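Here is the file target.txt (compact mmCIF, C-alpha atoms).
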# COMPACT_ATOMS: atom_id res chain seq x y z
CA MET L 166 -29.31 -36.38 -10.88
CA ARG L 167 -31.58 -33.45 -10.16
CA ALA L 168 -32.08 -32.78 -13.86
CA ALA L 169 -32.87 -36.43 -14.52
CA ARG L 170 -35.43 -36.42 -11.75
CA GLY L 171 -37.02 -33.26 -13.13
CA PHE L 172 -37.11 -34.78 -16.60
CA ALA L 173 -38.82 -37.88 -15.23
CA TRP L 174 -41.46 -35.74 -13.51
CA LEU L 175 -41.97 -33.79 -16.73
CA VAL L 176 -42.41 -36.97 -18.78
CA GLY L 177 -44.81 -38.44 -16.21
CA GLY L 178 -46.90 -35.29 -16.03
CA LEU L 179 -47.06 -34.85 -19.79
CA THR L 180 -47.99 -38.51 -20.29
CA LEU L 181 -50.77 -38.18 -17.74
CA LEU L 182 -52.08 -34.99 -19.29
CA ALA L 183 -51.89 -36.22 -22.89
CA ALA L 184 -53.49 -39.57 -22.05
CA GLY L 185 -56.32 -37.84 -20.17
CA VAL L 186 -57.00 -35.42 -23.01
CA TYR L 187 -56.96 -38.20 -25.62
CA VAL L 188 -59.33 -40.35 -23.56
CA LEU L 189 -61.85 -37.51 -23.58
CA ARG L 190 -61.24 -36.82 -27.26
CA TYR L 191 -61.73 -40.44 -28.30
CA LEU L 192 -64.85 -40.73 -26.15
CA TYR L 193 -66.28 -37.61 -27.77
CA PHE L 194 -65.63 -38.98 -31.26
CA TRP L 195 -67.01 -42.44 -30.44
CA GLU L 196 -63.70 -44.21 -30.94
CA TRP L 197 -64.15 -46.62 -28.09
CA HIS L 198 -61.26 -48.97 -28.77
CA ARG L 199 -58.77 -46.15 -28.86
CA ALA L 200 -60.38 -44.66 -25.75
CA LEU L 201 -59.92 -47.94 -23.91
CA ILE L 202 -56.26 -48.24 -24.83
CA THR L 203 -55.57 -44.61 -23.96
CA GLY L 204 -57.51 -45.06 -20.73
CA LEU L 205 -55.18 -47.88 -19.77
CA LEU L 206 -52.21 -45.62 -20.48
CA PHE L 207 -53.80 -42.91 -18.34
CA VAL L 208 -54.35 -45.26 -15.40
CA GLY L 209 -50.78 -46.57 -15.71
CA ALA L 210 -49.33 -43.06 -15.74
CA GLU L 211 -51.57 -42.05 -12.84
CA VAL L 212 -50.40 -44.98 -10.72
CA ALA L 213 -46.75 -44.23 -11.56
CA VAL L 214 -47.06 -40.52 -10.71
CA ALA L 215 -49.01 -41.21 -7.51
CA THR L 216 -46.47 -43.81 -6.39
CA ALA L 217 -43.63 -41.41 -7.12
CA LEU L 218 -45.38 -38.68 -5.08
CA VAL L 219 -45.88 -41.00 -2.10
CA LEU L 220 -42.28 -42.21 -2.25
CA ARG L 221 -41.02 -38.65 -2.44
CA LYS L 222 -43.07 -37.73 0.62
CA LEU L 223 -41.77 -40.75 2.51
CA SER L 224 -38.17 -40.00 1.68
CA ALA L 225 -38.69 -36.37 2.76
CA VAL L 226 -40.01 -37.60 6.10
CA ASP L 227 -37.06 -39.94 6.39
CA ARG L 228 -34.59 -37.12 5.72
CA ASN L 229 -36.18 -34.70 8.21
CA PRO L 230 -33.87 -34.69 11.28
CA SER L 231 -36.62 -33.43 13.60
CA ARG L 232 -38.59 -36.61 12.94
CA ARG L 233 -35.76 -39.04 13.54
CA PRO L 234 -36.07 -41.09 16.74
CA GLN L 235 -33.90 -39.78 19.50
CA ALA L 236 -32.91 -41.11 22.90
CA PRO L 237 -36.05 -41.34 25.05
CA ASP L 238 -36.67 -39.00 27.93
CA PRO L 239 -35.95 -41.01 31.13
CA VAL L 240 -38.92 -39.44 32.92
CA VAL L 241 -41.29 -40.44 30.11
CA LEU L 242 -39.76 -43.91 30.02
CA ALA L 243 -40.22 -44.30 33.77
CA ARG L 244 -43.86 -43.20 33.53
CA ILE L 245 -44.53 -45.70 30.74
CA ARG L 246 -43.01 -48.47 32.79
CA GLN L 247 -45.02 -47.49 35.83
CA ALA L 248 -48.22 -47.46 33.83
CA ALA L 249 -47.59 -50.86 32.27
CA PRO L 250 -50.47 -53.25 33.04
CA ARG L 251 -49.72 -56.05 35.49
CA ARG L 252 -49.47 -59.34 33.65
CA ASP L 253 -51.24 -62.35 35.10
CA HIS L 254 -50.66 -65.35 32.86
CA PHE L 255 -52.98 -67.67 34.84
CA ALA L 256 -55.91 -65.31 35.24
CA TRP L 257 -58.19 -67.93 33.73
CA LEU L 258 -57.64 -70.08 36.82
CA THR L 259 -58.95 -67.37 39.15
CA ARG L 260 -62.43 -68.16 40.38
CA HIS L 261 -65.11 -65.63 39.37
CA ASP L 262 -68.76 -66.03 40.16
CA GLY L 263 -70.94 -66.54 37.10
CA GLU L 264 -68.05 -66.65 34.60
CA LEU L 265 -66.79 -69.56 32.60
CA GLY L 266 -63.15 -68.54 32.35
CA VAL L 267 -61.92 -72.13 32.13
CA PHE L 268 -64.48 -73.24 29.64
CA ILE L 269 -62.31 -73.00 26.51
CA THR L 270 -59.35 -74.58 28.30
CA LEU L 271 -61.53 -77.47 29.39
CA LEU L 272 -62.82 -77.88 25.86
CA LEU L 273 -59.29 -77.95 24.44
CA GLY L 274 -58.03 -80.36 27.07
CA GLY L 275 -61.11 -82.53 26.73
CA GLY L 276 -60.67 -82.59 22.97
CA ILE L 277 -57.11 -83.85 23.32
CA ILE L 278 -58.16 -86.59 25.75
CA VAL L 279 -61.11 -87.66 23.57
CA SER L 280 -58.83 -87.74 20.50
CA GLY L 281 -56.39 -89.98 22.37
CA LEU L 282 -59.20 -92.32 23.41
CA ALA L 283 -60.50 -92.45 19.84
CA TRP L 284 -57.02 -93.36 18.60
CA VAL L 285 -56.80 -96.23 21.11
CA VAL L 286 -60.28 -97.50 20.12
CA GLU L 287 -59.39 -97.36 16.42
CA LYS L 288 -56.17 -99.33 17.00
CA VAL L 289 -57.88 -101.99 19.11
CA ALA L 290 -60.72 -102.34 16.60
CA GLY L 291 -58.26 -102.59 13.72
CA ASN L 292 -56.38 -105.41 15.40
CA THR L 293 -59.45 -107.41 16.48
CA ALA L 294 -62.30 -106.77 14.05
CA ALA L 295 -60.32 -107.10 10.80
CA PRO L 296 -59.13 -110.69 11.33
CA ALA L 297 -62.61 -111.73 12.44
CA MET L 298 -64.19 -110.14 9.36
CA GLU L 299 -61.63 -111.76 7.04
CA HIS L 300 -62.35 -115.12 8.66
CA ASP L 301 -66.08 -114.60 8.19
CA LEU L 302 -65.61 -113.60 4.53
CA ALA L 303 -63.55 -116.71 3.80
CA SER L 304 -66.26 -118.84 5.39
CA ARG L 305 -68.97 -117.28 3.24
CA LEU L 306 -66.90 -117.67 0.07
CA SER L 307 -66.66 -121.40 0.70
CA THR L 308 -70.22 -121.79 -0.59
CA ILE L 309 -69.10 -120.86 -4.11
CA ALA L 310 -65.77 -122.69 -3.99
CA PHE L 311 -64.92 -125.62 -6.20
CA PRO L 312 -66.00 -128.97 -4.75
CA SER L 313 -63.11 -130.64 -2.97
CA GLY L 314 -63.32 -133.66 -5.23
CA GLY L 315 -63.23 -131.54 -8.36
CA LEU L 316 -65.81 -131.14 -11.14
CA VAL L 317 -66.45 -133.85 -13.69
CA PRO L 318 -63.85 -132.99 -16.27
CA ASP L 319 -64.60 -132.80 -19.93
CA ASP L 320 -62.17 -133.55 -22.72
CA GLY L 321 -60.98 -129.97 -23.00
CA GLU L 322 -60.24 -129.72 -19.30
CA LEU L 323 -58.32 -132.95 -19.27
CA LEU L 324 -56.34 -131.75 -22.27
CA ALA L 325 -55.56 -128.48 -20.51
CA GLN L 326 -54.37 -130.29 -17.42
CA GLU L 327 -51.86 -132.15 -19.51
CA GLY L 328 -50.88 -129.18 -21.62
CA PRO L 329 -47.62 -127.22 -21.46
CA TYR L 330 -49.13 -124.51 -19.22
CA ALA L 331 -50.83 -126.85 -16.77
CA GLU L 332 -48.64 -125.75 -13.91
CA ASP L 333 -49.44 -122.09 -14.40
CA GLU L 334 -51.02 -120.75 -11.19
CA GLN L 335 -53.77 -118.78 -12.90
CA LEU L 336 -54.71 -121.75 -15.08
CA ARG L 337 -54.73 -124.06 -12.10
CA LEU L 338 -57.15 -121.73 -10.33
CA LEU L 339 -59.52 -121.88 -13.30
CA LEU L 340 -59.23 -125.66 -13.69
CA GLY L 341 -59.74 -126.42 -10.04
CA PRO L 342 -58.43 -129.57 -8.41
CA ARG L 343 -56.75 -132.04 -10.72
CA SER L 344 -59.27 -134.61 -11.89
CA ARG L 345 -59.26 -137.84 -13.76
CA ARG L 346 -62.02 -139.38 -15.76
CA MET X 12 -57.87 -22.55 1.88
CA THR X 13 -56.11 -22.51 -1.49
CA ARG X 14 -56.17 -26.30 -1.59
CA VAL X 15 -59.90 -26.33 -0.95
CA ALA X 16 -60.47 -23.80 -3.72
CA VAL X 17 -58.36 -25.81 -6.16
CA GLY X 18 -60.19 -28.98 -5.19
CA VAL X 19 -63.57 -27.36 -5.71
CA VAL X 20 -62.50 -26.04 -9.12
CA LEU X 21 -61.25 -29.50 -10.15
CA VAL X 22 -64.43 -31.20 -8.99
CA VAL X 23 -66.60 -28.67 -10.82
CA ALA X 24 -64.50 -29.02 -13.98
CA ALA X 25 -64.69 -32.81 -13.83
CA GLY X 26 -68.44 -32.70 -13.27
CA ALA X 27 -68.93 -30.30 -16.18
CA GLY X 28 -66.76 -32.49 -18.41
CA ILE X 29 -68.70 -35.62 -17.53
CA TRP X 30 -71.97 -33.79 -18.11
CA PHE X 31 -70.77 -32.56 -21.50
CA LEU X 32 -69.55 -36.01 -22.53
CA ARG X 33 -72.77 -37.59 -21.37
CA ALA X 34 -74.78 -35.19 -23.49
CA GLU X 35 -72.54 -35.61 -26.52
CA THR X 36 -72.23 -39.39 -26.45
CA MET X 37 -75.80 -40.23 -25.60
CA ALA X 38 -77.73 -42.25 -28.18
CA ARG X 39 -80.79 -40.43 -29.45
CA ASN X 40 -83.95 -41.79 -30.96
CA THR X 41 -84.99 -39.47 -33.74
CA PRO X 42 -87.76 -40.01 -36.29
CA ASP X 43 -86.40 -41.26 -39.60
CA GLU X 44 -86.51 -38.96 -42.55
CA PHE X 45 -87.94 -41.32 -45.12
CA GLY X 46 -86.50 -40.92 -48.54
CA SER X 47 -83.28 -39.27 -47.36
CA ALA X 48 -79.88 -40.89 -47.81
CA LEU X 49 -76.29 -40.36 -46.76
CA ALA X 50 -73.36 -40.92 -49.07
CA VAL X 51 -70.03 -41.76 -47.48
CA ILE X 52 -66.62 -42.03 -49.09
CA VAL X 53 -63.89 -43.88 -47.22
CA ARG X 54 -60.28 -44.77 -47.87
CA ALA X 55 -59.19 -48.22 -46.72
CA GLU X 56 -55.67 -49.23 -45.80
CA VAL X 57 -54.86 -52.85 -45.05
CA ARG X 58 -51.72 -54.28 -43.46
CA ARG X 59 -50.53 -57.89 -43.75
CA GLU X 60 -53.62 -58.78 -45.76
CA PRO X 61 -54.00 -59.42 -49.51
CA GLU X 62 -55.27 -56.48 -51.51
CA SER X 63 -58.21 -58.56 -52.63
CA ALA X 64 -59.47 -58.67 -49.04
CA THR X 65 -59.77 -54.90 -48.80
CA LEU X 66 -63.27 -54.68 -50.24
CA GLU X 67 -64.56 -57.52 -48.09
CA MET X 68 -63.05 -56.09 -44.89
CA ALA X 69 -64.32 -52.60 -45.62
CA ARG X 70 -67.81 -53.93 -46.30
CA ALA X 71 -67.75 -55.91 -43.03
CA LEU X 72 -66.74 -52.86 -41.01
CA VAL X 73 -69.32 -50.66 -42.71
CA ASN X 74 -72.02 -53.23 -41.97
CA THR X 75 -70.98 -53.37 -38.30
CA CYS X 76 -71.01 -49.61 -37.93
CA ARG X 77 -74.26 -48.92 -39.74
CA LEU X 78 -75.99 -51.24 -37.25
CA GLN X 79 -74.86 -48.94 -34.45
CA VAL X 80 -76.63 -45.97 -35.99
CA ASP X 81 -79.66 -47.96 -37.06
CA SER X 82 -79.30 -47.22 -40.73
CA THR X 83 -79.64 -49.44 -43.79
CA LEU X 84 -76.84 -50.03 -46.26
CA VAL X 85 -78.00 -49.80 -49.85
CA GLN X 86 -76.04 -52.81 -51.02
CA PRO X 87 -75.95 -52.17 -54.81
CA LEU X 88 -74.47 -48.73 -54.19
CA PHE X 89 -71.41 -50.03 -52.31
CA ARG X 90 -68.74 -49.62 -54.94
CA GLN X 91 -65.04 -49.17 -55.36
CA VAL X 92 -64.18 -45.67 -56.52
CA ASP X 93 -60.43 -46.12 -56.64
CA ASP X 94 -57.86 -48.74 -55.62
CA ASP X 95 -58.33 -47.99 -51.95
CA THR X 96 -61.42 -45.78 -51.96
CA PHE X 97 -65.01 -46.90 -51.55
CA ARG X 98 -68.37 -45.19 -51.64
CA PHE X 99 -71.53 -46.41 -50.01
CA VAL X 100 -75.00 -45.09 -49.28
CA LEU X 101 -77.02 -45.37 -46.09
CA GLU X 102 -80.74 -44.84 -45.67
CA PRO X 103 -82.04 -42.73 -44.05
CA ASP X 104 -79.74 -39.77 -43.54
CA LEU X 105 -78.26 -39.34 -40.03
CA ILE X 106 -78.39 -36.44 -37.60
CA GLU X 107 -75.14 -34.80 -36.53
CA SER X 108 -74.50 -36.94 -33.43
CA ASP X 109 -75.18 -40.15 -35.37
CA ARG X 110 -72.86 -39.04 -38.12
CA ARG X 111 -70.15 -38.48 -35.54
CA GLN X 112 -70.83 -41.92 -34.10
CA LEU X 113 -70.63 -43.51 -37.55
CA ARG X 114 -67.41 -41.69 -38.37
CA GLY X 115 -65.88 -42.72 -35.02
CA CYS X 116 -66.87 -46.33 -35.52
CA LEU X 117 -65.42 -46.43 -39.04
CA GLN X 118 -62.16 -44.74 -38.10
CA ASP X 119 -61.69 -46.61 -34.84
CA ALA X 120 -59.20 -49.49 -34.68
CA ARG X 121 -62.05 -51.97 -34.70
CA LEU X 122 -61.06 -54.53 -37.33
CA GLN X 123 -57.56 -55.96 -37.17
CA HIS X 124 -55.22 -54.95 -40.03
CA LEU X 125 -57.77 -52.52 -41.45
CA GLN X 126 -57.80 -48.75 -41.10
CA LEU X 127 -60.63 -46.75 -42.63
CA ASP X 128 -60.47 -43.01 -43.11
CA VAL X 129 -63.69 -41.13 -43.79
CA LEU X 130 -63.04 -38.72 -46.63
CA ASP X 131 -66.52 -37.37 -47.17
CA MET X 132 -69.96 -37.71 -45.66
CA ARG X 133 -72.88 -35.77 -47.10
CA GLN X 134 -76.59 -35.99 -47.67
CA LEU X 135 -77.53 -37.39 -51.04
CA GLU X 136 -79.48 -34.92 -53.12
Write out the structure in this file as structure tokens.
Amino acid sequence: MRAARGFAWLVGGLTLLAAGVYVLRYLYFWEWHRALITGLLFVGAEVAVATALVLRKLSAVDRNPSRRPQAPDPVVLARIRQAAPRRDHFAWLTRHDGELGVFITLLLGGGIIVSGLAWVVEKVAGNTAAPAMEHDLASRLSTIAFPSGGLVPDDGELLAQEGPYAEDEQLRLLLGPRSRR
Amino acid sequence: MTRVAVGVVLVVAAGAGIWFLRAETMARNTPDEFGSALAVIVRAEVRREPESATLEMARALVNTCRLQVDSTLVQPLFRQVDDDTFRFVLEPDLIESDRRQLRGCLQDARLQHLQLDVLDMRQLE
């Protein structure tokens, strides 16, 4: 295990070194495409080696017994508890001169109430205005409706009324009221 | 203290390296030597391409690279010396840094499936 780890470090270090040297070499000889590819290899190796170093440091810290959490000192614990700040969950209700501690709360509460009122208004309007508007639209459409007595039919219309599709709803709409010459 | 010293050495080395690379890879404007010429011999190797495309690909790469060094390709003198070897002439001749740039451009993996190798590069007498 130790040998494998050492081998991995060796490979990582050599890759980093070789990639770095080749980047410089290719840059010097104006071989930009090769320099780019080798640069990518260098960055990859650098990230891998740096990550491995950080992980090794973290595991070393984790293994160090002096840094492991131990049972707390009761005196220290008592001091911490004594020094804890007093919690006052309704401090915003306390009256202070010149401060608007309740302002946000009022805004939030007011927003909820206004939203509720808006919902009621929208529902009432939907149930009253829509039928009235539909009624008004139907009244206005009556000006372009077929005359109740029907149009003066021509031969084609009369033929269509007697045809096999005369009872079709769409055709009946186009033909208007049944007429006779 | 040792760490600081090592850090300083590394920073100085990196700075010197960058300075050296900057000086060596900087494009230079030099007056042309009218009447001079540079003869270059290259070997071309193609992969997954028909042999007949070798000349065309080599010519394309040479044209791309000679633009980088601001030199003119003498078209009638681009000829095939051997199956995979070509010779061409550029006017005017190039200074050392431009020659290195031209060689790097030709030998770089710039054109897919084509690898050029510069065999010779010398001023034409």
Requested in this report: Around the point (-65.3, -46.9, -52.4) in the file's coordinates, collect all residues with an atom within 9 Å, using all atoms listed in the file, and return them as a list in words.
Outcome: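 Selection result: Val51, Ile52, Val53, Arg54, Ala55, Leu66, Ala69, Phe89, Arg90, Gln91, Val92, Asp93, Asp94, Asp95, Thr96, Phe97, Arg98 and Phe99 of chain X.
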Just to be explicit: take each residue in the selection above, keep C-alpha atoms, and write the result as a PDB file, in the coordinates of the input.
ATOM      1  CA  VAL X  51     -70.030 -41.760 -47.480  1.00  0.00           C
ATOM      2  CA  ILE X  52     -66.620 -42.030 -49.090  1.00  0.00           C
ATOM      3  CA  VAL X  53     -63.890 -43.880 -47.220  1.00  0.00           C
ATOM      4  CA  ARG X  54     -60.280 -44.770 -47.870  1.00  0.00           C
ATOM      5  CA  ALA X  55     -59.190 -48.220 -46.720  1.00  0.00           C
ATOM      6  CA  LEU X  66     -63.270 -54.680 -50.240  1.00  0.00           C
ATOM      7  CA  ALA X  69     -64.320 -52.600 -45.620  1.00  0.00           C
ATOM      8  CA  PHE X  89     -71.410 -50.030 -52.310  1.00  0.00           C
ATOM      9  CA  ARG X  90     -68.740 -49.620 -54.940  1.00  0.00           C
ATOM     10  CA  GLN X  91     -65.040 -49.170 -55.360  1.00  0.00           C
ATOM     11  CA  VAL X  92     -64.180 -45.670 -56.520  1.00  0.00           C
ATOM     12  CA  ASP X  93     -60.430 -46.120 -56.640  1.00  0.00           C
ATOM     13  CA  ASP X  94     -57.860 -48.740 -55.620  1.00  0.00           C
ATOM     14  CA  ASP X  95     -58.330 -47.990 -51.950  1.00  0.00           C
ATOM     15  CA  THR X  96     -61.420 -45.780 -51.960  1.00  0.00           C
ATOM     16  CA  PHE X  97     -65.010 -46.900 -51.550  1.00  0.00           C
ATOM     17  CA  ARG X  98     -68.370 -45.190 -51.640  1.00  0.00           C
ATOM     18  CA  PHE X  99     -71.530 -46.410 -50.010  1.00  0.00           C
TER      19      PHE X  99
END
Contact table chain X vs chain L, cut-off 7 Å, shortest pair per residue, all atoms listed in the file, as CSV:
residue,atom,partner,partner_atom,distance
X:Leu32,CA,L:Tyr193,CA,6.4
X:Glu35,CA,L:Tyr193,CA,6.7
X:Thr36,CA,L:Tyr193,CA,6.3
X:Arg111,CA,L:Phe194,CA,6.2
X:Gln112,CA,L:Trp195,CA,5.3
X:Gly115,CA,L:Trp195,CA,4.7
X:Cys116,CA,L:Glu196,CA,6.0
X:Asp119,CA,L:Glu196,CA,5.0
X:Ala120,CA,L:His198,CA,6.3
X:Arg121,CA,L:His198,CA,6.7
Requested in this report: Give me, please, the distance in Å between atom CA of Cys76 of chain X and atom CA of Leu117 of chain X, quoted to one decimal.
Outcome: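 Atom CA of Leu117 of chain X lies at a distance of 6.5 Å from atom CA of Cys76 of chain X.
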Query raised in the report: What separation in Å, quoted to one decimal, exists between atom CA of Glu322 of chain L and atom CA of Leu336 of chain L?
Result: 10.6 Å
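Note that the spacing between atom CA of Leu127 of chain X and atom CA of Glu56 of chain X amounts to 6.4 Å.
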Query raised in the report: Got a sec: who's within 12 Å of Gly46 of chain X, counting only C-alpha atoms, leaving out chain neighbours fewer than 6 positions off, as a ChimeraX atom specification?
Result: /X:83,101-105,134-136
Query - Option closest in space to Gln123 of chain X, from X:Val22, X:Met68, X:Ala16, X:Ile29 [counting all atoms listed in the file] - result: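 Nearest to Gln123 of chain X: X:Met68.
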